[in-house]
Amino acid sequence: MRKILEVKKISYSVQQKVKPNSTAVKKTRKEILKKINFDLYEGNILGIIGESGSGKTTLAKIISGIIKPTQGEVNINIPNNGRVSQVQILFQNNSDIVNPLRKVGGSVEEVLRILKKDNSKQGSSIEELFNLVNFPENLWQRRGYELSGGERQRAALARIIAAEPKLLILDEPFSAQDPESQYNFLQIFKKLNQEKRISIICIAHNFNLIKELCNELIILNSGKIIEHGETEKIFTSPSHPFTKFLLKANEYNLTKEELLVNSMLSKNEYIPGLSNKQ
Amino acid sequence: MGESEILSVSFREISLKNTKQDRILLSDIHFSLPKNNIYAIVGKNGTGKTTLMKSLTRLLDKRYYDISGEVLFNSKNLLSLDANELVKIRENDIKYVFQDSINTFNPLKKFEFYFNKFAKDKTLIEKYLEHFQLPVKETLFKMRPYEVSGGMNQRISIVLSFLANPQLIILDEPNSSIDPAITNLLIHQIKDFAGSGDNSVLMVTQDLNFAEKVSNKIAYLSLSAGELAPGTLSQLYSPGEFFKSEQDEIKVFLNPNYELAQHA
């Protein structure tokens, strides 16, 4: 199998102002990601799970080239396709995900037009793209603001697929959806992976959907990879205490005591028998 | 209305006014919420769950919505109550946590304003902030809503609702942007709240697992099937019964595979 992505020891930190008292201002660096290292092979679907604030979205932005890492490098092994990038990212669903004032059909056509000009070859047809994401024809002429959340997300996806990506990054694609639309999206992503040979990185906090979609899994905890392997294996025999905690949290079965222990862990307090720290 | 009920809802119709013809969104919705109970309403996107919650305290714009029926809160009909009295109830007795919590705050006001206004017992603020893994009071009070993440806004909104010490908390997708660990915490907090005094909680959610773990009763809000069949509320089930329901629509809702599996 071909390596499509190499993430080599990337770290990311931001400057933060701390006010220890009312007059003094101290500047410190806050580390968001710490030496993240992994490869992605073509055709794989990789899930990334972590608590909010664990650096998931930052990682997605670095891989797609929106922000530069403080240290380390990202190598993408995909031939150039003109002006349209073959690494595409579907952002968390909100009203900004498609241009509210443009017609959906037009914004997808634009991508096809640029692709054609740069590569002098015919890409997918607009019908094919909208069919792929189950976007009904009677909505093509609607503008972004006239669509519901789910429709907007599918329109955004159609535009992204038009760019013929080889790597698709999904940032919380299932949030704020009912079980039926989650299931439909899951089917669409699987189809894109199988029929279009698109490799996928999916960031989510819903374990059940990640389990259905991804064959490979990374668990992030405060900016570090604490577990990486086959999804199945991590679910059946998690090795890190934090993974065990997350799995239990996902079932909403945590007791008050377990929650207390976690909040202490996140403050880096040592807890005998539970903490990995020495 | 029985003595132990804190809320008794009976909507004939909730409809959207239209220049040509009014569109009925929901009809025949009747249920009573006893004290010390947690009820969850589940349903698909766009069924009108949020509309239903907002109708309870007349939060929908009268210019666009028509509501007929009765909402008794401690024997007072909220739909016909004098506006000043209603505002007092909204301020002290019924607290909402909205789905788009970020938009419930005025972006130009610091969080200090909200905590000072709504927290009944100021000494509890720090405890709640720590509990929900929010920044310390000194830091948070100086921040404005646009300076924190969506998940944090949601948690702040939740904390404020508990601090206001109301009798009824209405939650609209309270865990939509917070992670599972904090959701676990929220479950404990909701149960503790509903377990004390005469309190109760009413919520809408799409997270079935969450609904199962936290609530005493679950009802399904069905999707409107055209003008002749507006959406309506199913009977109340205990969580155990709900997940074994034999009603087709609920079956498909619970397991989208079901329909496909039947045809296979």
# chains A, B, ... in the order shown; residues from 1 in each chain; ligands from 1
$ interface_residues --of "chain B" --to "chain A" --cutoff "10 Å" --atoms "only C-alpha atoms" --output "PyMOL selection string"
chain B and resi 42-46+99+130-133+139+149+151-152+173+175-189+205-210+212-214+252-257
$ write_last_selection --atoms "N, CA and C atoms" --output "tab-separated table (two decimals), in the first residue's frame"
chain	number	residue	atom	x	y	z
B	42	VAL	N	-37.56	13.02	22.45
B	42	VAL	CA	-36.61	12.75	21.37
B	42	VAL	C	-37.35	12.83	20.03
B	43	GLY	N	-36.60	12.95	18.96
B	43	GLY	CA	-37.22	13.02	17.64
B	43	GLY	C	-36.20	13.47	16.62
B	44	LYS	N	-36.59	13.34	15.36
B	44	LYS	CA	-35.66	13.68	14.28
B	44	LYS	C	-35.40	15.19	14.19
B	45	ASN	N	-34.44	15.54	13.33
B	45	ASN	CA	-34.19	16.95	13.02
B	45	ASN	C	-35.45	17.54	12.41
B	46	GLY	N	-35.78	18.75	12.82
B	46	GLY	CA	-36.86	19.48	12.16
B	46	GLY	C	-38.26	19.05	12.55
B	99	GLN	N	-29.86	25.44	22.67
B	99	GLN	CA	-28.94	24.70	21.82
B	99	GLN	C	-27.80	25.60	21.34
B	130	GLU	N	-15.55	24.75	38.69
B	130	GLU	CA	-14.54	23.71	38.75
B	130	GLU	C	-15.13	22.38	38.29
B	131	HIS	N	-16.33	22.12	38.74
B	131	HIS	CA	-17.04	20.90	38.39
B	131	HIS	C	-17.14	20.71	36.89
B	132	PHE	N	-17.49	21.77	36.19
B	132	PHE	CA	-17.66	21.65	34.74
B	132	PHE	C	-16.39	22.03	33.98
B	133	GLN	N	-15.28	21.96	34.68
B	133	GLN	CA	-13.96	22.20	34.08
B	133	GLN	C	-13.90	23.50	33.29
B	139	THR	N	-10.70	34.58	35.96
B	139	THR	CA	-10.44	34.61	34.51
B	139	THR	C	-11.74	34.70	33.72
B	149	SER	N	-15.00	28.84	23.49
B	149	SER	CA	-15.51	27.93	22.46
B	149	SER	C	-17.01	27.68	22.62
B	151	GLY	N	-18.50	24.84	23.02
B	151	GLY	CA	-18.71	23.89	24.11
B	151	GLY	C	-18.65	24.58	25.46
B	152	MET	N	-17.75	25.55	25.58
B	152	MET	CA	-17.63	26.28	26.84
B	152	MET	C	-18.86	27.15	27.07
B	173	GLU	N	-31.02	20.06	23.73
B	173	GLU	CA	-29.77	19.42	23.28
B	173	GLU	C	-28.59	19.85	24.14
B	175	ASN	N	-26.10	18.44	25.48
B	175	ASN	CA	-24.75	17.91	25.29
B	175	ASN	C	-24.30	17.92	23.84
B	176	SER	N	-24.92	18.79	23.02
B	176	SER	CA	-24.58	18.77	21.60
B	176	SER	C	-23.14	19.16	21.33
B	177	SER	N	-22.57	20.06	22.12
B	177	SER	CA	-21.15	20.37	21.84
B	177	SER	C	-20.24	20.15	23.03
B	178	ILE	N	-20.63	19.24	23.91
B	178	ILE	CA	-19.68	18.89	24.97
B	178	ILE	C	-19.33	17.41	24.89
B	179	ASP	N	-18.14	17.08	25.34
B	179	ASP	CA	-17.68	15.70	25.13
B	179	ASP	C	-18.26	14.73	26.17
B	180	PRO	N	-18.11	13.42	25.91
B	180	PRO	CA	-18.76	12.42	26.75
B	180	PRO	C	-18.42	12.53	28.24
B	181	ALA	N	-17.18	12.84	28.58
B	181	ALA	CA	-16.83	12.88	30.00
B	181	ALA	C	-17.66	13.94	30.71
B	182	ILE	N	-17.78	15.10	30.11
B	182	ILE	CA	-18.57	16.17	30.73
B	182	ILE	C	-20.06	15.81	30.70
B	183	THR	N	-20.47	15.08	29.68
B	183	THR	CA	-21.87	14.65	29.64
B	183	THR	C	-22.18	13.75	30.83
B	184	ASN	N	-21.24	12.88	31.19
B	184	ASN	CA	-21.41	12.05	32.38
B	184	ASN	C	-21.65	12.90	33.61
B	185	LEU	N	-20.85	13.95	33.69
B	185	LEU	CA	-20.96	14.89	34.80
B	185	LEU	C	-22.33	15.56	34.82
B	186	LEU	N	-22.75	15.94	33.64
B	186	LEU	CA	-24.04	16.61	33.49
B	186	LEU	C	-25.17	15.69	33.96
B	187	ILE	N	-25.06	14.40	33.61
B	187	ILE	CA	-26.08	13.44	34.03
B	187	ILE	C	-26.21	13.43	35.55
B	188	HIS	N	-25.06	13.38	36.24
B	188	HIS	CA	-25.11	13.39	37.71
B	188	HIS	C	-25.72	14.68	38.23
B	189	GLN	N	-25.33	15.81	37.63
B	189	GLN	CA	-25.84	17.11	38.08
B	189	GLN	C	-27.36	17.20	37.89
B	205	THR	N	-33.55	15.99	23.17
B	205	THR	CA	-32.21	15.55	22.79
B	205	THR	C	-32.29	14.58	21.62
B	206	GLN	N	-31.18	14.43	20.92
B	206	GLN	CA	-31.10	13.42	19.87
B	206	GLN	C	-30.18	12.29	20.29
B	207	ASP	N	-29.60	12.47	21.47
B	207	ASP	CA	-28.67	11.47	21.97
B	207	ASP	C	-29.46	10.46	22.78
B	208	LEU	N	-29.77	9.32	22.15
B	208	LEU	CA	-30.64	8.33	22.78
B	208	LEU	C	-30.02	7.72	24.01
B	209	ASN	N	-28.72	7.52	23.94
B	209	ASN	CA	-28.01	6.95	25.07
B	209	ASN	C	-28.12	7.87	26.28
B	210	PHE	N	-27.98	9.16	26.01
B	210	PHE	CA	-28.10	10.19	27.05
B	210	PHE	C	-29.51	10.17	27.64
B	212	GLU	N	-31.62	7.78	27.67
B	212	GLU	CA	-31.84	6.53	28.41
B	212	GLU	C	-31.24	6.61	29.81
B	213	LYS	N	-30.04	7.19	29.89
B	213	LYS	CA	-29.34	7.19	31.17
B	213	LYS	C	-29.89	8.20	32.16
B	214	VAL	N	-30.42	9.32	31.64
B	214	VAL	CA	-30.75	10.40	32.57
B	214	VAL	C	-32.24	10.48	32.93
B	252	VAL	N	-38.03	2.60	13.61
B	252	VAL	CA	-37.14	3.08	12.55
B	252	VAL	C	-36.23	4.19	13.08
B	253	PHE	N	-36.81	5.04	13.93
B	253	PHE	CA	-36.01	6.12	14.52
B	253	PHE	C	-34.86	5.56	15.34
B	254	LEU	N	-35.15	4.53	16.12
B	254	LEU	CA	-34.13	3.96	16.98
B	254	LEU	C	-33.07	3.22	16.20
B	255	ASN	N	-33.48	2.65	15.09
B	255	ASN	CA	-32.54	1.86	14.30
B	255	ASN	C	-32.79	2.08	12.81
B	256	PRO	N	-32.07	3.05	12.20
B	256	PRO	CA	-32.29	3.38	10.80
B	256	PRO	C	-32.08	2.19	9.88
B	257	ASN	N	-31.36	1.19	10.36
B	257	ASN	CA	-31.14	-0.02	9.58
B	257	ASN	C	-32.39	-0.84	9.42
$ residues_around --residues "A:Gly123" --least-positions-apart "3" --cutoff "9 Å" --atoms "only C-alpha atoms" --output "ChimeraX atom specification"
/A:112-113,115-116,162-164
$ select_by_dssp --residues "stretch 204-250 of chain A" --states "alpha helix (DSSP H)" --output "mmCIF file with N, CA and C atoms, in the first residue's frame"
data_model
loop_
_atom_site.group_PDB
_atom_site.id
_atom_site.type_symbol
_atom_site.label_atom_id
_atom_site.label_comp_id
_atom_site.auth_asym_id
_atom_site.auth_seq_id
_atom_site.Cartn_x
_atom_site.Cartn_y
_atom_site.Cartn_z
ATOM 1 N N PHE A 207 -18.031 7.474 19.732
ATOM 2 C CA PHE A 207 -17.322 6.215 19.512
ATOM 3 C C PHE A 207 -18.067 5.257 18.599
ATOM 4 N N ASN A 208 -19.396 5.197 18.729
ATOM 5 C CA ASN A 208 -20.158 4.204 17.975
ATOM 6 C C ASN A 208 -20.020 4.400 16.476
ATOM 7 N N LEU A 209 -20.031 5.670 16.049
ATOM 8 C CA LEU A 209 -19.936 5.941 14.622
ATOM 9 C C LEU A 209 -18.510 5.730 14.122
ATOM 10 N N ILE A 210 -17.536 6.108 14.930
ATOM 11 C CA ILE A 210 -16.130 5.888 14.589
ATOM 12 C C ILE A 210 -15.868 4.390 14.404
ATOM 13 N N LYS A 211 -16.476 3.613 15.269
ATOM 14 C CA LYS A 211 -16.301 2.164 15.224
ATOM 15 C C LYS A 211 -16.834 1.606 13.901
ATOM 16 N N GLU A 212 -17.969 2.164 13.454
ATOM 17 C CA GLU A 212 -18.588 1.732 12.197
ATOM 18 C C GLU A 212 -17.755 2.131 10.994
ATOM 19 N N LEU A 213 -17.148 3.317 11.061
ATOM 20 C CA LEU A 213 -16.520 3.912 9.883
ATOM 21 C C LEU A 213 -15.034 3.587 9.741
ATOM 22 N N THR A 231 -8.924 -0.195 14.989
ATOM 23 C CA THR A 231 -10.084 0.243 15.776
ATOM 24 C C THR A 231 -10.612 -0.888 16.651
ATOM 25 N N GLU A 232 -10.807 -2.025 16.003
ATOM 26 C CA GLU A 232 -11.351 -3.206 16.666
ATOM 27 C C GLU A 232 -10.562 -3.542 17.937
ATOM 28 N N LYS A 233 -9.247 -3.512 17.779
ATOM 29 C CA LYS A 233 -8.360 -3.903 18.863
ATOM 30 C C LYS A 233 -8.440 -2.916 20.028
ATOM 31 N N ILE A 234 -8.472 -1.632 19.695
ATOM 32 C CA ILE A 234 -8.539 -0.617 20.748
ATOM 33 C C ILE A 234 -9.853 -0.730 21.527
ATOM 34 N N PHE A 235 -10.903 -1.064 20.801
ATOM 35 C CA PHE A 235 -12.193 -1.179 21.479
ATOM 36 C C PHE A 235 -12.254 -2.411 22.384
ATOM 37 N N THR A 236 -11.664 -3.503 21.908
ATOM 38 C CA THR A 236 -11.767 -4.724 22.707
ATOM 39 C C THR A 236 -10.713 -4.770 23.817
ATOM 40 N N PRO A 241 -5.002 3.850 30.345
ATOM 41 C CA PRO A 241 -6.132 4.110 31.267
ATOM 42 C C PRO A 241 -7.089 5.183 30.753
ATOM 43 N N PHE A 242 -6.552 6.164 30.022
ATOM 44 C CA PHE A 242 -7.419 7.221 29.523
ATOM 45 C C PHE A 242 -8.377 6.686 28.452
ATOM 46 N N THR A 243 -7.907 5.746 27.637
ATOM 47 C CA THR A 243 -8.783 5.137 26.633
ATOM 48 C C THR A 243 -9.913 4.389 27.318
ATOM 49 N N LYS A 244 -9.561 3.666 28.367
ATOM 50 C CA LYS A 244 -10.580 2.933 29.127
ATOM 51 C C LYS A 244 -11.604 3.903 29.684
ATOM 52 N N PHE A 245 -11.083 5.018 30.193
ATOM 53 C CA PHE A 245 -11.963 6.053 30.745
ATOM 54 C C PHE A 245 -12.912 6.582 29.664
ATOM 55 N N LEU A 246 -12.357 6.890 28.485
ATOM 56 C CA LEU A 246 -13.172 7.426 27.388
ATOM 57 C C LEU A 246 -14.250 6.449 26.952
ATOM 58 N N LEU A 247 -13.883 5.168 26.875
ATOM 59 C CA LEU A 247 -14.847 4.144 26.455
ATOM 60 C C LEU A 247 -16.008 4.072 27.430
ATOM 61 N N LYS A 248 -15.678 4.161 28.698
ATOM 62 C CA LYS A 248 -16.721 4.123 29.724
ATOM 63 C C LYS A 248 -17.549 5.413 29.679
ATOM 64 N N ALA A 249 -16.869 6.521 29.464
ATOM 65 C CA ALA A 249 -17.554 7.818 29.387
ATOM 66 C C ALA A 249 -18.561 7.805 28.250
ATOM 67 N N ASN A 250 -18.183 7.154 27.166
ATOM 68 C CA ASN A 250 -19.031 7.120 25.990
ATOM 69 C C ASN A 250 -20.341 6.381 26.229
#
$ select_by_dssp --residues "stretch 48-241 of chain A" --states "strand (DSSP E)" --output "PyMOL selection string"
chain A and resi 48-50+71-76+87-90+167-171+199-204+216-221+224-230
$ residues_around --residues "B:Leu202" --least-positions-apart "5" --cutoff "12 Å" --atoms "only C-alpha atoms" --output "PyMOL selection string"
chain B and resi 6-9+31-42+49-50+52-54+56+94-97+167-174+190-191+193-194+211+214-219
$ closest_residue --among "A:Cys214, A:Leu5, A:Leu157, A:Ile203" --to "A:Asn75" --atoms "only C-alpha atoms"
A:Leu5
$ atom_distance --atom1 "atom CA of A:Asp171" --atom2 "atom CA of A:Val133"
17.0 Å
$ residues_around --residues "B:Glu126" --least-positions-apart "5" --cutoff "10 Å" --atoms "only C-alpha atoms" --output "ChimeraX atom specification"
/B:131,134-138
$ residues_around --residues "B:Ile102" --least-positions-apart "3" --cutoff "10 Å" --atoms "only C-alpha atoms" --output "PyMOL selection string"
chain B and resi 98-99+105-107+145-146+148-154+156-157
$ write_last_selection --atoms "all heavy atoms" --output "CSV table (one decimal), in the first residue's frame"
chain,number,residue,atom,x,y,z
B,98,PHE,N,-30.3,26.8,26.0
B,98,PHE,CA,-30.6,26.6,24.6
B,98,PHE,C,-29.5,25.9,23.8
B,98,PHE,O,-28.3,25.9,24.2
B,98,PHE,CB,-30.9,28.0,23.9
B,98,PHE,CG,-32.2,28.6,24.4
B,98,PHE,CD1,-32.2,29.6,25.3
B,98,PHE,CD2,-33.4,28.1,23.9
B,98,PHE,CE1,-33.4,30.2,25.7
B,98,PHE,CE2,-34.6,28.6,24.3
B,98,PHE,CZ,-34.6,29.6,25.2
B,99,GLN,N,-29.9,25.4,22.7
B,99,GLN,CA,-28.9,24.7,21.8
B,99,GLN,C,-27.8,25.6,21.3
B,99,GLN,O,-26.6,25.2,21.4
B,99,GLN,CB,-29.7,24.2,20.6
B,99,GLN,CG,-29.2,23.1,19.9
B,99,GLN,CD,-30.2,22.7,18.8
B,99,GLN,OE1,-31.3,23.2,18.7
B,99,GLN,NE2,-29.8,21.7,18.1
B,105,PHE,N,-26.2,34.8,24.8
B,105,PHE,CA,-25.4,35.8,25.5
B,105,PHE,C,-25.3,37.0,24.6
B,105,PHE,O,-25.1,36.9,23.4
B,105,PHE,CB,-24.0,35.3,25.9
B,105,PHE,CG,-24.1,34.1,26.9
B,105,PHE,CD1,-23.5,32.9,26.5
B,105,PHE,CD2,-24.6,34.3,28.1
B,105,PHE,CE1,-23.5,31.8,27.4
B,105,PHE,CE2,-24.6,33.2,29.0
B,105,PHE,CZ,-24.1,32.0,28.7
B,106,ASN,N,-25.2,38.2,25.3
B,106,ASN,CA,-24.9,39.4,24.6
B,106,ASN,C,-23.4,39.4,24.4
B,106,ASN,O,-22.7,39.4,25.4
B,106,ASN,CB,-25.4,40.6,25.4
B,106,ASN,CG,-25.1,41.9,24.8
B,106,ASN,OD1,-24.2,42.0,23.9
B,106,ASN,ND2,-25.7,42.9,25.3
B,107,PRO,N,-22.9,39.5,23.2
B,107,PRO,CA,-21.5,39.4,22.9
B,107,PRO,C,-20.7,40.5,23.6
B,107,PRO,O,-19.5,40.4,23.8
B,107,PRO,CB,-21.3,39.4,21.4
B,107,PRO,CG,-22.6,39.9,20.9
B,107,PRO,CD,-23.6,39.6,21.9
B,145,PRO,N,-18.5,36.2,25.6
B,145,PRO,CA,-18.9,35.0,24.9
B,145,PRO,C,-18.1,34.6,23.7
B,145,PRO,O,-17.8,33.4,23.4
B,145,PRO,CB,-20.4,35.2,24.5
B,145,PRO,CG,-20.8,36.2,25.5
B,145,PRO,CD,-19.6,37.1,25.8
B,146,TYR,N,-17.7,35.6,22.9
B,146,TYR,CA,-17.0,35.2,21.6
B,146,TYR,C,-15.5,34.8,21.9
B,146,TYR,O,-14.8,34.4,21.0
B,146,TYR,CB,-17.0,36.4,20.6
B,146,TYR,CG,-16.4,37.6,21.1
B,146,TYR,CD1,-15.0,37.9,21.0
B,146,TYR,CD2,-17.2,38.6,21.7
B,146,TYR,CE1,-14.5,39.1,21.5
B,146,TYR,CE2,-16.7,39.8,22.1
B,146,TYR,CZ,-15.3,40.0,22.1
B,146,TYR,OH,-14.8,41.2,22.5
B,148,VAL,N,-14.7,32.4,24.1
B,148,VAL,CA,-14.6,31.0,24.5
B,148,VAL,C,-15.3,30.1,23.4
B,148,VAL,O,-16.1,30.6,22.6
B,148,VAL,CB,-15.3,30.8,25.9
B,148,VAL,CG1,-14.7,31.7,26.9
B,148,VAL,CG2,-16.8,31.0,25.8
B,149,SER,N,-15.0,28.8,23.5
B,149,SER,CA,-15.5,27.9,22.5
B,149,SER,C,-17.0,27.7,22.6
B,149,SER,O,-17.6,28.0,23.6
B,149,SER,CB,-14.8,26.6,22.5
B,149,SER,OG,-15.2,25.9,23.7
B,150,GLY,N,-17.6,27.1,21.6
B,150,GLY,CA,-19.0,26.8,21.6
B,150,GLY,C,-19.4,25.8,22.8
B,150,GLY,O,-20.4,26.0,23.5
B,151,GLY,N,-18.5,24.8,23.0
B,151,GLY,CA,-18.7,23.9,24.1
B,151,GLY,C,-18.7,24.6,25.5
B,151,GLY,O,-19.4,24.3,26.4
B,152,MET,N,-17.7,25.5,25.6
B,152,MET,CA,-17.6,26.3,26.8
B,152,MET,C,-18.9,27.1,27.1
B,152,MET,O,-19.4,27.2,28.2
B,152,MET,CB,-16.4,27.1,26.9
B,152,MET,CG,-15.3,26.6,27.8
B,152,MET,SD,-13.7,27.2,27.4
B,152,MET,CE,-13.7,28.7,28.4
B,153,ASN,N,-19.3,27.8,26.0
B,153,ASN,CA,-20.6,28.6,26.1
B,153,ASN,C,-21.7,27.7,26.6
B,153,ASN,O,-22.5,28.1,27.5
B,153,ASN,CB,-20.9,29.2,24.8
B,153,ASN,CG,-20.3,30.6,24.6
B,153,ASN,OD1,-20.6,31.5,25.4
B,153,ASN,ND2,-19.5,30.7,23.6
B,154,GLN,N,-21.8,26.5,26.1
B,154,GLN,CA,-22.9,25.6,26.5
B,154,GLN,C,-22.7,25.2,28.0
B,154,GLN,O,-23.7,25.2,28.7
B,154,GLN,CB,-22.8,24.3,25.6
B,154,GLN,CG,-24.1,23.5,25.7
B,154,GLN,CD,-24.2,22.5,24.6
B,154,GLN,OE1,-23.2,22.0,24.1
B,154,GLN,NE2,-25.4,22.1,24.3
B,156,ILE,N,-21.2,27.0,30.3
B,156,ILE,CA,-21.5,28.2,31.1
B,156,ILE,C,-23.0,28.4,31.2
B,156,ILE,O,-23.5,28.6,32.3
B,156,ILE,CB,-20.8,29.4,30.5
B,156,ILE,CG1,-19.3,29.3,30.6
B,156,ILE,CG2,-21.3,30.7,31.2
B,156,ILE,CD1,-18.5,30.3,29.7
B,157,SER,N,-23.7,28.2,30.1
B,157,SER,CA,-25.1,28.3,30.1
B,157,SER,C,-25.8,27.3,31.1
B,157,SER,O,-26.7,27.6,31.8
B,157,SER,CB,-25.6,28.1,28.7
B,157,SER,OG,-27.0,28.3,28.6
$ atom_distance --atom1 "atom CA of A:Glu42" --atom2 "atom CA of A:Val7"
14.2 Å
$ residues_around --residues "A:Asn44" --least-positions-apart "5" --cutoff "10 Å" --atoms "only C-alpha atoms" --output "ChimeraX atom specification"
/A:1,4,167,193-194,197-201,214-216
$ decode --residues "stretch 228-248 of chain A" --atoms "N, CA and C atoms" --output "short mmCIF file (atom, residue, chain, number, x, y, z; two decimals), in the first residue's frame"
data_model
loop_
_atom_site.label_atom_id
_atom_site.label_comp_id
_atom_site.auth_asym_id
_atom_site.auth_seq_id
_atom_site.Cartn_x
_atom_site.Cartn_y
_atom_site.Cartn_z
N HIS A 228 -2.64 4.18 19.28
CA HIS A 228 -2.81 4.17 17.83
C HIS A 228 -2.81 2.73 17.36
N GLY A 229 -3.87 2.34 16.66
CA GLY A 229 -3.90 0.96 16.19
C GLY A 229 -5.20 0.65 15.48
N GLU A 230 -5.44 -0.65 15.29
CA GLU A 230 -6.69 -1.06 14.66
C GLU A 230 -7.86 -0.70 15.59
N THR A 231 -8.92 -0.19 14.99
CA THR A 231 -10.08 0.24 15.78
C THR A 231 -10.61 -0.89 16.65
N GLU A 232 -10.81 -2.03 16.00
CA GLU A 232 -11.35 -3.21 16.67
C GLU A 232 -10.56 -3.54 17.94
N LYS A 233 -9.25 -3.51 17.78
CA LYS A 233 -8.36 -3.90 18.86
C LYS A 233 -8.44 -2.92 20.03
N ILE A 234 -8.47 -1.63 19.69
CA ILE A 234 -8.54 -0.62 20.75
C ILE A 234 -9.85 -0.73 21.53
N PHE A 235 -10.90 -1.06 20.80
CA PHE A 235 -12.19 -1.18 21.48
C PHE A 235 -12.25 -2.41 22.38
N THR A 236 -11.66 -3.50 21.91
CA THR A 236 -11.77 -4.72 22.71
C THR A 236 -10.71 -4.77 23.82
N SER A 237 -9.50 -4.28 23.53
CA SER A 237 -8.50 -4.29 24.61
C SER A 237 -7.71 -2.99 24.64
N PRO A 238 -8.33 -1.95 25.19
CA PRO A 238 -7.63 -0.67 25.29
C PRO A 238 -6.47 -0.80 26.28
N SER A 239 -5.32 -0.18 25.96
CA SER A 239 -4.17 -0.36 26.84
C SER A 239 -3.97 0.82 27.78
N HIS A 240 -4.34 2.02 27.34
CA HIS A 240 -4.10 3.21 28.17
C HIS A 240 -5.29 3.48 29.10
N PRO A 241 -5.00 3.85 30.35
CA PRO A 241 -6.13 4.11 31.27
C PRO A 241 -7.09 5.18 30.75
N PHE A 242 -6.55 6.16 30.02
CA PHE A 242 -7.42 7.22 29.52
C PHE A 242 -8.38 6.69 28.45
N THR A 243 -7.91 5.75 27.64
CA THR A 243 -8.78 5.14 26.63
C THR A 243 -9.91 4.39 27.32
N LYS A 244 -9.56 3.67 28.37
CA LYS A 244 -10.58 2.93 29.13
C LYS A 244 -11.60 3.90 29.68
N PHE A 245 -11.08 5.02 30.19
CA PHE A 245 -11.96 6.05 30.75
C PHE A 245 -12.91 6.58 29.66
N LEU A 246 -12.36 6.89 28.48
CA LEU A 246 -13.17 7.43 27.39
C LEU A 246 -14.25 6.45 26.95
N LEU A 247 -13.88 5.17 26.88
CA LEU A 247 -14.85 4.14 26.46
C LEU A 247 -16.01 4.07 27.43
N LYS A 248 -15.68 4.16 28.70
CA LYS A 248 -16.72 4.12 29.72
C LYS A 248 -17.55 5.41 29.68
#
